[in-house]
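What follows is the content of input-v1.txt, which has compact mmCIF, C-alpha atoms:
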# COMPACT_ATOMS: atom_id res chain seq x y z
CA GLY A 149 94.13 97.99 -112.27
CA LEU A 150 92.83 95.31 -109.92
CA VAL A 151 96.41 94.19 -109.17
CA VAL A 152 97.52 97.74 -108.36
CA TRP A 153 94.50 98.25 -106.16
CA ARG A 154 95.25 94.97 -104.31
CA LEU A 155 98.86 95.97 -103.63
CA LYS A 156 97.82 99.39 -102.35
CA SER A 157 95.18 97.95 -100.05
CA THR A 158 97.60 95.36 -98.55
CA GLY A 159 100.36 97.99 -98.13
CA ILE A 160 98.04 100.35 -96.34
CA ARG A 161 96.87 97.55 -94.08
CA GLN A 162 100.46 96.51 -93.20
CA ILE A 163 101.59 100.03 -92.22
CA PRO A 164 99.99 99.91 -88.71
CA CYS A 165 101.49 96.47 -88.09
CA GLN A 166 104.94 97.63 -89.08
CA PHE A 167 104.60 100.71 -86.85
CA VAL A 168 103.63 98.57 -83.86
CA GLN A 169 106.55 96.24 -84.55
CA LEU A 170 108.97 99.15 -84.69
CA CYS A 171 107.62 100.44 -81.39
CA HIS A 172 108.17 97.03 -79.78
CA VAL A 173 111.74 96.91 -81.04
CA ALA A 174 112.43 100.42 -79.78
CA ASN A 175 110.97 99.56 -76.41
CA ASP A 176 113.11 96.43 -76.19
CA ARG A 177 116.25 98.42 -77.01
CA LEU A 178 115.34 101.12 -74.48
CA ILE A 179 114.83 98.55 -71.74
CA THR A 180 118.14 96.89 -72.62
CA PHE A 181 120.00 100.24 -72.38
CA GLN A 182 118.42 101.04 -69.01
CA TYR A 183 119.29 97.59 -67.76
CA PHE A 184 122.95 98.06 -68.67
CA ASN A 185 122.95 101.42 -66.90
CA PHE A 186 121.51 99.75 -63.82
CA LEU A 187 124.22 97.08 -63.88
CA LYS A 188 126.90 99.76 -64.23
CA ARG A 189 125.56 101.66 -61.21
CA MET A 190 125.45 98.47 -59.17
CA TYR A 191 129.08 97.68 -60.07
CA VAL A 192 130.29 101.16 -59.14
CA THR A 193 128.38 101.05 -55.86
CA GLN A 194 129.70 97.65 -54.82
CA CYS A 195 133.33 98.00 -55.98
CA ASN A 196 133.86 101.68 -55.23
CA LYS A 197 131.98 102.36 -52.05
CA ASP A 198 133.62 105.76 -51.71
CA LEU A 199 131.72 106.92 -54.82
CA SER A 200 128.34 105.95 -53.48
CA GLN A 201 126.29 108.76 -52.03
CA GLN A 202 123.84 108.42 -49.23
CA ALA A 203 120.93 110.75 -49.22
CA LYS A 204 120.10 112.19 -45.84
CA PRO A 205 116.45 112.59 -44.98
CA LYS A 206 115.42 116.18 -44.99
CA SER A 207 114.48 117.45 -41.59
CA ASP A 208 110.93 118.64 -41.15
CA SER A 209 110.67 122.37 -41.01
CA VAL A 210 109.41 123.81 -37.80
CA ALA A 211 106.08 125.34 -38.47
CA SER A 212 105.32 128.64 -36.85
CA PRO A 213 102.30 128.94 -34.56
CA PHE A 214 100.86 131.60 -36.82
CA ARG A 215 100.58 129.15 -39.73
CA GLU A 216 98.84 126.66 -37.49
CA LEU A 217 96.34 129.31 -36.56
CA GLN A 218 95.86 130.13 -40.23
CA GLN A 219 95.23 126.46 -41.05
CA LEU A 220 92.48 126.21 -38.45
CA ASP A 221 88.90 126.64 -39.47
CA PRO A 222 87.46 130.05 -38.97
CA GLY A 223 85.05 128.58 -36.44
CA LYS A 224 87.87 127.15 -34.32
CA LYS A 225 89.96 130.32 -34.17
CA VAL A 226 90.38 131.77 -30.70
CA ILE A 227 90.29 135.55 -30.43
CA HIS A 228 91.57 137.21 -27.25
CA LYS A 229 90.25 140.60 -26.53
CA ILE A 230 92.39 143.15 -24.74
CA ARG A 231 90.56 145.06 -22.14
CA PRO A 232 91.07 148.82 -22.23
CA VAL A 233 93.00 150.34 -19.34
CA SER A 234 91.12 152.78 -17.27
CA PRO A 235 92.40 156.35 -17.71
CA VAL A 236 92.16 157.04 -14.01
CA HIS A 237 95.67 157.13 -12.42
CA GLN A 238 95.87 156.43 -8.74
CA PRO A 239 98.82 157.91 -6.80
CA LEU A 240 101.41 155.30 -5.73
CA PRO A 241 102.58 155.23 -2.13
CA GLU A 242 106.10 156.45 -1.24
CA ALA A 243 107.22 152.97 -0.06
CA SER A 244 106.57 151.42 -3.47
CA ILE A 245 108.47 154.25 -5.19
CA SER A 246 111.52 153.74 -2.95
CA ASN A 247 111.41 149.98 -3.57
CA GLU A 248 111.34 150.55 -7.32
CA LEU A 249 114.31 152.92 -7.10
CA ARG A 250 116.29 150.35 -5.09
CA GLU A 251 115.51 147.64 -7.63
CA MET A 252 116.65 149.89 -10.46
CA LYS A 253 119.91 150.69 -8.65
CA SER A 254 120.63 147.01 -7.92
CA ALA A 255 119.92 146.12 -11.56
CA ALA A 256 122.31 148.84 -12.73
CA GLN A 257 125.01 147.58 -10.35
CA THR A 258 124.64 143.99 -11.56
CA GLU A 259 124.88 145.16 -15.17
CA ASP A 260 128.04 147.11 -14.36
CA SER A 261 129.61 144.07 -12.64
CA VAL A 262 128.74 141.82 -15.59
CA ALA A 263 130.26 144.33 -18.02
CA ALA A 264 133.44 144.56 -15.91
CA ALA A 265 133.70 140.74 -15.82
CA ARG A 266 133.36 140.63 -19.59
CA VAL A 267 136.10 143.24 -19.98
CA GLU A 268 138.40 141.23 -17.65
CA ALA A 269 137.70 138.05 -19.59
CA LYS A 270 138.60 139.79 -22.85
CA GLY A 271 141.76 141.12 -21.24
CA ASP A 272 142.78 137.61 -20.17
CA ARG A 273 142.44 136.38 -23.71
CA GLN A 274 144.65 139.14 -25.06
CA TRP A 275 148.46 139.17 -25.06
CA LYS A 276 150.03 140.79 -22.04
CA GLU A 277 153.55 142.02 -21.48
CA MET A 278 155.29 139.81 -18.93
CA LYS A 279 157.25 141.77 -16.35
CA LEU A 280 160.27 140.20 -14.71
CA ARG A 281 160.26 140.34 -10.92
CA LEU A 282 163.43 140.13 -8.88
CA ASP A 283 161.85 137.51 -6.62
CA ASP A 284 161.24 135.19 -9.58
CA LEU A 285 164.68 135.70 -11.14
CA PRO A 286 166.58 133.03 -9.12
CA GLY A 287 164.04 130.34 -10.03
CA ILE A 288 164.06 131.36 -13.69
CA LEU A 289 167.84 131.30 -13.86
CA ALA A 290 167.89 127.91 -12.11
CA ARG A 291 165.57 126.48 -14.76
CA LEU A 292 167.59 128.17 -17.49
CA SER A 293 170.78 126.50 -16.27
CA LYS A 294 169.06 123.09 -15.68
CA ILE A 295 170.07 123.05 -12.06
CA LYS A 296 169.40 119.31 -11.59
CA LEU A 297 171.63 118.37 -14.53
CA THR A 298 174.28 120.78 -13.24
CA ALA A 299 174.16 119.11 -9.83
CA LEU A 300 174.71 115.72 -11.48
CA VAL A 301 177.71 117.10 -13.42
CA VAL A 302 179.26 118.57 -10.25
CA SER A 303 178.72 115.31 -8.34
CA THR A 304 180.48 113.25 -11.02
CA ALA A 305 183.37 115.73 -11.09
CA SER A 306 183.59 115.46 -7.29
CA ALA A 307 183.71 111.66 -7.59
CA GLY A 308 186.62 111.95 -10.02
CA PHE A 309 188.44 114.26 -7.60
CA ALA A 310 187.82 111.88 -4.69
CA MET A 311 189.03 108.84 -6.64
CA ALA A 312 192.37 110.44 -7.50
CA PRO A 313 195.32 108.77 -5.68
CA VAL A 314 196.56 112.02 -4.06
CA PRO A 315 195.99 113.72 -0.69
CA PHE A 316 192.67 115.55 -0.48
CA ASP A 317 192.94 119.36 -0.94
CA LEU A 318 189.77 121.15 0.17
CA THR A 319 190.54 124.49 -1.53
CA CYS A 320 191.29 122.85 -4.87
CA PHE A 321 188.16 120.71 -4.50
CA LEU A 322 185.90 123.73 -3.91
CA LEU A 323 187.41 125.68 -6.79
CA ALA A 324 187.09 122.71 -9.16
CA SER A 325 183.46 122.08 -8.15
CA LEU A 326 182.50 125.76 -8.49
CA GLY A 327 184.21 126.13 -11.85
CA THR A 328 182.64 122.94 -13.20
CA GLY A 329 179.20 124.06 -12.03
CA LEU A 330 179.54 127.49 -13.67
CA ALA A 331 180.71 125.91 -16.92
CA SER A 332 177.71 123.56 -16.88
CA CYS A 333 175.31 126.47 -16.26
CA ALA A 334 176.77 128.35 -19.22
CA ALA A 335 176.53 125.35 -21.55
CA ASN A 336 172.90 124.62 -20.57
CA SER A 337 171.86 128.26 -21.00
CA ILE A 338 173.37 128.46 -24.49
CA ASN A 339 171.70 125.16 -25.36
CA GLN A 340 168.26 126.53 -24.41
CA PHE A 341 168.99 129.74 -26.33
CA PHE A 342 169.56 127.78 -29.54
CA GLU A 343 166.59 125.43 -29.13
CA VAL A 344 163.74 127.87 -28.40
CA PRO A 345 161.75 127.23 -31.65
CA PHE A 346 162.12 123.48 -31.24
CA ASP A 347 161.40 123.34 -27.51
CA SER A 348 158.09 125.12 -28.09
CA ASN A 349 156.80 122.06 -29.98
CA MET A 350 157.54 119.58 -27.18
CA ASN A 351 155.42 119.02 -24.10
CA ARG A 352 158.49 118.36 -21.96
CA THR A 353 160.21 121.64 -22.82
CA LYS A 354 157.39 124.04 -23.70
CA ASN A 355 157.48 125.64 -20.22
CA ARG A 356 161.13 126.62 -20.30
CA PRO A 357 161.84 130.28 -19.47
CA LEU A 358 162.92 131.35 -22.96
CA VAL A 359 159.98 129.56 -24.59
CA ARG A 360 157.43 131.24 -22.33
CA GLY A 361 159.13 134.63 -22.62
CA GLN A 362 159.91 134.91 -18.90
CA ILE A 363 163.41 136.07 -19.74
CA SER A 364 164.80 137.82 -22.80
CA PRO A 365 167.35 136.12 -25.08
CA LEU A 366 169.83 138.92 -24.40
CA LEU A 367 169.60 138.33 -20.66
CA ALA A 368 170.04 134.57 -21.20
CA VAL A 369 173.20 135.13 -23.26
CA CYS A 370 174.56 137.58 -20.67
CA PHE A 371 173.89 135.04 -17.92
CA ALA A 372 175.69 132.33 -19.91
CA ALA A 373 178.69 134.61 -20.45
CA SER A 374 178.75 135.64 -16.78
CA CYS A 375 178.87 131.95 -15.82
CA GLY A 376 181.18 130.61 -18.52
CA VAL A 377 183.99 133.18 -18.35
CA PRO A 378 184.49 133.08 -14.54
CA GLY A 379 184.06 129.29 -14.53
CA ILE A 380 186.83 128.70 -17.08
CA ALA A 381 189.00 131.33 -15.35
CA LEU A 382 188.60 129.54 -12.00
CA LEU A 383 189.47 126.17 -13.52
CA THR A 384 192.48 127.56 -15.39
CA LEU A 385 193.99 129.90 -12.80
CA GLY A 386 192.71 128.39 -9.57
CA VAL A 387 193.13 124.68 -10.41
CA ASN A 388 195.35 123.99 -13.44
CA PRO A 389 195.34 124.79 -17.18
CA LEU A 390 194.51 121.21 -18.18
CA THR A 391 191.23 121.25 -16.24
CA GLY A 392 190.36 124.68 -17.67
CA ALA A 393 191.01 123.44 -21.20
CA LEU A 394 188.77 120.42 -20.60
CA GLY A 395 186.00 122.70 -19.28
CA ALA A 396 186.20 125.01 -22.31
CA PHE A 397 186.27 122.04 -24.68
CA ASN A 398 183.19 120.58 -22.98
CA ILE A 399 181.24 123.82 -23.42
CA PHE A 400 182.21 123.94 -27.08
CA LEU A 401 181.31 120.27 -27.60
CA TYR A 402 177.90 120.63 -25.94
CA THR A 403 176.79 123.88 -27.58
CA CYS A 404 178.43 123.78 -31.02
CA CYS A 405 178.48 120.03 -31.77
CA TYR A 406 175.86 118.18 -29.74
CA THR A 407 173.09 120.81 -29.95
CA PRO A 408 172.98 121.15 -33.80
CA MET A 409 173.58 117.41 -34.30
CA LYS A 410 170.34 116.61 -32.46
CA ARG A 411 168.45 117.61 -35.63
CA MET A 412 170.91 116.07 -38.10
CA SER A 413 172.05 112.58 -37.10
CA ILE A 414 171.64 109.94 -34.40
CA ALA A 415 175.38 110.30 -33.76
CA ASN A 416 174.40 113.11 -31.36
CA THR A 417 173.85 110.48 -28.65
CA TRP A 418 177.49 109.36 -28.82
CA VAL A 419 178.70 112.98 -28.80
CA GLY A 420 176.45 113.72 -25.81
CA ALA A 421 177.91 110.69 -24.01
CA VAL A 422 181.40 112.16 -24.45
CA VAL A 423 180.13 115.45 -22.97
CA GLY A 424 178.83 113.60 -19.92
CA ALA A 425 182.06 111.58 -19.54
CA ILE A 426 184.37 114.63 -19.32
CA PRO A 427 183.36 115.99 -15.82
CA PRO A 428 184.84 113.04 -13.83
CA VAL A 429 187.98 113.36 -15.96
CA MET A 430 188.08 117.05 -14.98
CA GLY A 431 187.83 116.08 -11.31
CA TRP A 432 190.73 113.64 -11.68
CA THR A 433 192.91 116.19 -13.52
CA ALA A 434 192.04 118.84 -10.94
CA ALA A 435 193.49 116.59 -8.23
CA THR A 436 196.46 115.10 -10.07
CA GLY A 437 197.17 117.58 -12.88
CA SER A 438 197.55 114.80 -15.47
CA LEU A 439 195.49 112.41 -17.58
CA ASP A 440 196.03 108.94 -16.15
CA ALA A 441 194.43 105.56 -16.73
CA GLY A 442 192.13 106.18 -13.76
CA ALA A 443 190.71 109.31 -15.41
CA LEU A 444 190.00 107.39 -18.60
CA LEU A 445 188.35 104.57 -16.62
CA LEU A 446 186.01 106.98 -14.81
CA GLY A 447 185.18 108.63 -18.12
CA GLY A 448 184.45 105.21 -19.64
CA ILE A 449 182.07 104.32 -16.80
CA LEU A 450 180.15 107.59 -17.24
CA TYR A 451 180.20 107.13 -21.02
CA SER A 452 178.62 103.65 -20.86
CA TRP A 453 176.15 104.60 -18.13
CA GLN A 454 174.58 107.35 -20.24
CA PHE A 455 173.32 105.02 -22.97
CA PRO A 456 170.87 102.98 -20.86
CA HIS A 457 169.96 106.17 -19.01
CA PHE A 458 169.22 108.34 -22.06
CA ASN A 459 167.91 105.62 -24.40
CA ALA A 460 165.37 104.55 -21.80
CA LEU A 461 164.36 108.18 -21.25
CA SER A 462 164.04 108.95 -24.97
CA TRP A 463 161.91 105.82 -25.54
CA GLY A 464 159.03 107.35 -23.61
CA LEU A 465 159.50 110.72 -25.34
CA ARG A 466 159.48 109.53 -28.95
CA GLU A 467 156.37 111.54 -29.84
CA ASP A 468 157.87 114.70 -28.35
CA TYR A 469 161.20 114.25 -30.11
CA SER A 470 159.55 113.61 -33.48
CA ARG A 471 157.30 116.64 -32.99
CA GLY A 472 160.29 118.81 -32.14
CA GLY A 473 162.27 117.61 -35.16
CA TYR A 474 165.04 115.86 -33.21
CA CYS A 475 166.81 112.90 -34.81
CA MET A 476 167.03 110.36 -31.99
CA MET A 477 167.69 106.63 -32.06
CA SER A 478 164.36 105.92 -30.38
CA VAL A 479 162.54 107.67 -33.25
CA THR A 480 164.48 106.65 -36.37
CA HIS A 481 166.26 103.42 -35.23
CA PRO A 482 164.26 101.86 -32.37
CA GLY A 483 165.99 98.47 -32.68
CA LEU A 484 169.44 100.06 -32.47
CA CYS A 485 168.32 102.10 -29.47
CA ARG A 486 167.49 98.94 -27.50
CA ARG A 487 170.62 97.07 -28.59
CA VAL A 488 172.98 99.90 -27.65
CA ALA A 489 171.37 100.22 -24.21
CA LEU A 490 171.88 96.50 -23.54
CA ARG A 491 175.48 96.52 -24.78
CA HIS A 492 176.55 99.34 -22.48
CA CYS A 493 174.76 97.76 -19.52
CA LEU A 494 177.01 94.73 -20.02
CA ALA A 495 180.01 97.03 -20.60
CA LEU A 496 179.63 98.37 -17.05
CA ILE A 497 180.47 94.87 -15.74
CA GLY A 498 183.66 94.75 -17.80
CA LEU A 499 184.73 98.26 -16.74
CA SER A 500 184.25 97.33 -13.11
CA VAL A 501 186.64 94.40 -13.60
CA VAL A 502 189.23 96.67 -15.25
CA ALA A 503 189.41 98.98 -12.19
CA PRO A 504 191.53 96.63 -10.00
CA VAL A 505 193.64 95.66 -13.00
CA LEU A 506 194.66 99.32 -13.35
CA ASP A 507 195.43 99.41 -9.62
CA ILE A 508 192.67 101.96 -8.91
CA THR A 509 190.52 99.82 -6.61
CA THR A 510 190.85 96.54 -4.80
CA TRP A 511 189.46 93.27 -6.17
CA THR A 512 186.48 93.55 -3.88
CA PHE A 513 185.03 96.30 -6.10
CA PRO A 514 184.02 94.07 -9.07
CA ILE A 515 182.57 91.54 -6.61
CA ILE A 516 180.50 94.06 -4.62
CA SER A 517 179.37 95.96 -7.73
CA LEU A 518 178.37 92.77 -9.56
CA PRO A 519 174.77 92.58 -8.18
CA ILE A 520 173.83 96.13 -9.18
CA ASN A 521 175.53 95.73 -12.56
CA LEU A 522 173.68 92.46 -13.15
CA TYR A 523 170.38 94.06 -12.17
CA ILE A 524 170.74 96.97 -14.60
CA SER A 525 171.82 94.47 -17.27
CA TYR A 526 168.68 92.44 -16.57
CA LEU A 527 166.52 95.55 -16.97
CA GLY A 528 168.42 96.38 -20.16
CA PHE A 529 167.59 92.91 -21.48
CA ARG A 530 163.92 93.40 -20.54
CA PHE A 531 163.94 96.71 -22.40
CA TYR A 532 165.56 95.04 -25.43
CA ARG A 533 163.02 92.18 -25.42
CA ASP A 534 159.76 93.94 -24.54
CA ALA A 535 160.37 97.44 -25.98
CA ASP A 536 157.49 99.05 -24.10
CA ARG A 537 157.08 102.03 -21.83
CA SER A 538 157.05 99.94 -18.66
CA SER A 539 160.45 98.34 -19.28
CA SER A 540 162.02 101.64 -20.41
CA ARG A 541 160.69 103.42 -17.30
CA LYS A 542 162.13 100.76 -15.01
CA LEU A 543 165.52 100.97 -16.71
CA PHE A 544 165.53 104.77 -16.47
CA PHE A 545 164.71 104.88 -12.76
CA CYS A 546 167.27 102.14 -12.09
CA SER A 547 169.95 104.23 -13.78
CA LEU A 548 169.20 107.14 -11.42
CA TRP A 549 170.30 105.21 -8.32
CA HIS A 550 172.76 102.88 -10.08
CA LEU A 551 175.38 105.55 -10.83
CA PRO A 552 175.70 107.05 -7.30
CA MET A 553 175.70 103.54 -5.84
CA LEU A 554 178.45 102.39 -8.22
CA LEU A 555 180.61 105.46 -7.52
CA LEU A 556 180.11 105.05 -3.77
CA VAL A 557 181.17 101.40 -3.90
CA MET A 558 184.13 102.37 -6.07
CA PHE A 559 185.20 105.02 -3.56
CA SER A 560 184.87 102.58 -0.64
CA CYS A 561 187.07 100.05 -2.47
CA LYS A 562 189.63 102.64 -3.56
CA LYS A 563 193.28 101.92 -2.85
CA SER A 564 194.62 104.41 -0.35
CA PHE A 565 197.42 106.80 -1.15
CA LEU A 566 199.60 105.34 1.65
CA GLU A 567 199.42 101.84 0.16
CA LYS A 568 200.52 103.12 -3.22
CA GLU A 569 203.30 105.19 -1.61
CA ASP A 570 204.58 102.16 0.32
CA LYS A 571 204.40 100.08 -2.83
CA GLY A 572 206.32 102.73 -4.72
CA ASP A 573 208.96 102.88 -1.98
CA LEU A 574 209.33 99.11 -2.06
CA LEU A 575 209.71 99.20 -5.82
CA GLY A 576 212.31 101.94 -5.50
CA GLU A 577 214.29 100.01 -2.87
CA SER A 578 214.25 96.80 -4.89
CA HIS A 579 215.39 98.75 -7.93
CA GLY A 580 218.23 100.29 -5.92
CA ARG A 581 219.36 96.94 -4.58
CA ALA A 582 219.38 95.54 -8.11
CA MET A 583 221.56 98.44 -9.20
CA GLU A 584 223.92 97.84 -6.27
CA ILE A 585 224.21 94.17 -7.18
CA ARG A 586 224.97 95.03 -10.79
CA LEU A 587 227.69 97.51 -9.82
CA PRO A 588 231.20 95.97 -9.31

Output the structure of this file as C-alpha cells.
Amino acid sequence: GLVVWRLKSTGIRQIPCQFVQLCHVANDRLITFQYFNFLKRMYVTQCNKDLSQQAKPKSDSVASPFRELQQLDPGKKVIHKIRPVSPVHQPLPEASISNELREMKSAAQTEDSVAAARVEAKGDRQWKEMKLRLDDLPGILARLSKIKLTALVVSTASAGFAMAPVPFDLTCFLLASLGTGLASCAANSINQFFEVPFDSNMNRTKNRPLVRGQISPLLAVCFAASCGVPGIALLTLGVNPLTGALGAFNIFLYTCCYTPMKRMSIANTWVGAVVGAIPPVMGWTAATGSLDAGALLLGGILYSWQFPHFNALSWGLREDYSRGGYCMMSVTHPGLCRRVALRHCLALIGLSVVAPVLDITTWTFPIISLPINLYISYLGFRFYRDADRSSSRKLFFCSLWHLPMLLLVMFSCKKSFLEKEDKGDLLGESHGRAMEIRLP
C-alpha cells in the first residue's frame, strides 16, 4: 500500500512539470513555423518584387466645422443671435427700383448669351454635314490628283520629248503633255480612292479630300474617269497608238499592281519605280513613234533616281507607314533600304557614261554631270552609314534638285538632229561608193 501511495504521489507531482514541458515544446514549434513563414515572405518580396504590395497611407478625413463645434466645451461655444427685422416697410425711391430692373435685365441677357455659347459649343462637338462649295472644288480636285506629282510626271515626259533626235513639233508636244497629265491625274485619284481607310491612320495623308469627306467617292471616281478616258484618247488619236498604250499600261500598273502591293510586299518599290520610269519613255515615243535605245536610257535614269528619292523619304515616315499597314523597305528591311539607295546613286554615274556610247549625247555630258552624281552618291553613302533622319533628309532634298539639273545638262549636251542627219548621209554615201566599187 505504501508503494502504491508513493507512485501515485510522484505521478501527481510530475503532471505539472510534464504540462509545462509540453507547452515549451509547442511554443518552440510555433516560433519555428512563424520563422519559416517570415523567411518565405522575405524571399518572395526580394525575388518577385512585382508581388510585393505597398500600403498607401490613408488620407485624413476632412472634418466638418459642425463636428468641431460639437467637440468644443459647452462654455466655449459661440452662439450668434439673429436680430428680428422690423415689420415697418419703408417705400423705396423710384431710382432704386429702375436700377434694380436694369440689373435684372442685364443678368438675364448674360444668362441668355452664356446659354447660346454653350449650345454653339455643343454644336461644334457634334458631327456636321460638309457641303461642297464650287469655289473650293478646284483646290480639292488638285489635291485629289496630287498636282505636284502630276507636274513632275509631265516634266519628265517633256524631257523625253525634248531629248528625242527629231525636229520639235509644238502641237504634238502639247497634246502629249496634256494627255500624260490627264492620265496621271486619273491614276492618282484612283489610288486615293482605294487607300482611304489606310490613309486615315497616317499623319501625312489624313487630310486628303476623301479621308476628310470633302468629296464623295462617287465624285472622285467620276473625276478619275473624266481624266483618264480623254487622256488616253488624246495620246492614242492625237499622238500615236504606242504612246496611248504606254499611258493606259501605266494607269493599270499604278492602280492595280502598285497600290495593292504596298500592303503585301516590299517589291512595290520596284514596281513603283517602273511606273515613274514610263513617262520619259512616253515623251520619246510621242516624238519618234518608236522605242529606241534613248527611250530605254531615259527610263533607266528615272528608274534609278527614284530609289534614293523614295527610300530617303520613307525613312523619315517609318512610323506612319507601319501605322497605315504599308509594307515598305524602311519598315521591314531597313538595311536593304539603305543599300539599294546607295547602289542606284552609283548607277546614275554609269548611266550617264552610257549616254554618249548610245550616241544620244556628247562626251561632255558624263564629265559635266559627274560632280552632281558624285555628290548624290556621297549623300547616299552617308545615309547608308549613319541611317538617321538627318542623312535621309539631306539625300531627299538633294534628289529634288538633282533630277532637273541632270536632265538640263543632258539636254544641253544632246547631239543635234543635223549632226545625226549629216552622219547618216555620210554613212549612206560611203555605203554607195562601196557598192559601186564592188560592181563590175

TODO: For range 375-377 of chain A, please output as a list of chain:residue names all residues within 9 Å (counting only C-alpha atoms; exclusion window: fewer than 4 positions along the same chain).
DONE: A:Gly327, A:Gly329, A:Leu330, A:Ala331, A:Ser332, A:Cys333, A:Ala334, A:Ala335, A:Cys370, A:Phe371, A:Ala381, A:Leu382, A:Ala396, A:Ile399

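The residue that comes closest to Tyr451 in chain A, out of A:Gly361, A:Gly420, A:Gly473, A:Pro313 and on the basis of only C-alpha atoms, is A:Gly420.
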
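Interatomic distance, CA of Lys562 in chain A to CA of Gly437 in chain A: 19.2 Å.
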
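Taking only C-alpha atoms into account, Cys561 in chain A lies nearest to A:Met311 out of the set A:Ile338, A:Ala393, A:Ala290, A:Met311.
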
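CA of Leu358 in chain A is found 11.0 Å from CA of Asn339 in chain A.
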
Do you know which residues are at most 12 Å from Phe397 in chain A counting all atoms listed in the file, after dropping those on the same chain fewer than 5 positions away, and could you put them as a short mmCIF file (atom, residue, chain, number, x, y, z; two decimals) with C-alpha atoms, in the coordinates of the input?
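Writing done, so here's around-v2.cif:
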data_model
loop_
_atom_site.label_atom_id
_atom_site.label_comp_id
_atom_site.auth_asym_id
_atom_site.auth_seq_id
_atom_site.Cartn_x
_atom_site.Cartn_y
_atom_site.Cartn_z
CA ALA A 331 180.71 125.91 -16.92
CA SER A 332 177.71 123.56 -16.88
CA ALA A 335 176.53 125.35 -21.55
CA GLY A 376 181.18 130.61 -18.52
CA ILE A 380 186.83 128.70 -17.08
CA LEU A 390 194.51 121.21 -18.18
CA THR A 391 191.23 121.25 -16.24
CA GLY A 392 190.36 124.68 -17.67
CA TYR A 402 177.90 120.63 -25.94
CA THR A 403 176.79 123.88 -27.58
CA CYS A 404 178.43 123.78 -31.02
CA CYS A 405 178.48 120.03 -31.77
CA VAL A 422 181.40 112.16 -24.45
CA VAL A 423 180.13 115.45 -22.97
CA ILE A 426 184.37 114.63 -19.32
CA PRO A 427 183.36 115.99 -15.82
CA MET A 430 188.08 117.05 -14.98
#

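Shortest atom-to-atom contact with Lys296 in chain A among A:Ser478, A:Asn336, A:Asp284, A:Leu484: A:Asn336, counting all atoms listed in the file.
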
TODO: May I ask for the distance between CA of Arg537 in chain A and CA of Thr298 in chain A, given in Å to one decimal place?
DONE: 26.9 Å

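Closest approach to Val359 in chain A from the set A:Ala372, A:Leu285, A:Ala495, A:Val344 is made by A:Val344, with distances taken over only C-alpha atoms.
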
Task: Contact residues around Met476 in chain A with all atoms listed in the file at 8 Å, ignoring same-chain residues under 2 positions, as number ranges by chain - done: A: 410, 413-414, 416-417, 462, 469, 474, 478-481

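Distance annotation: of A:Ile515, A:Leu401, A:Cys475, A:Leu289, the residue with the minimal separation from Val369 in chain A is A:Leu289; atom set is all atoms listed in the file.
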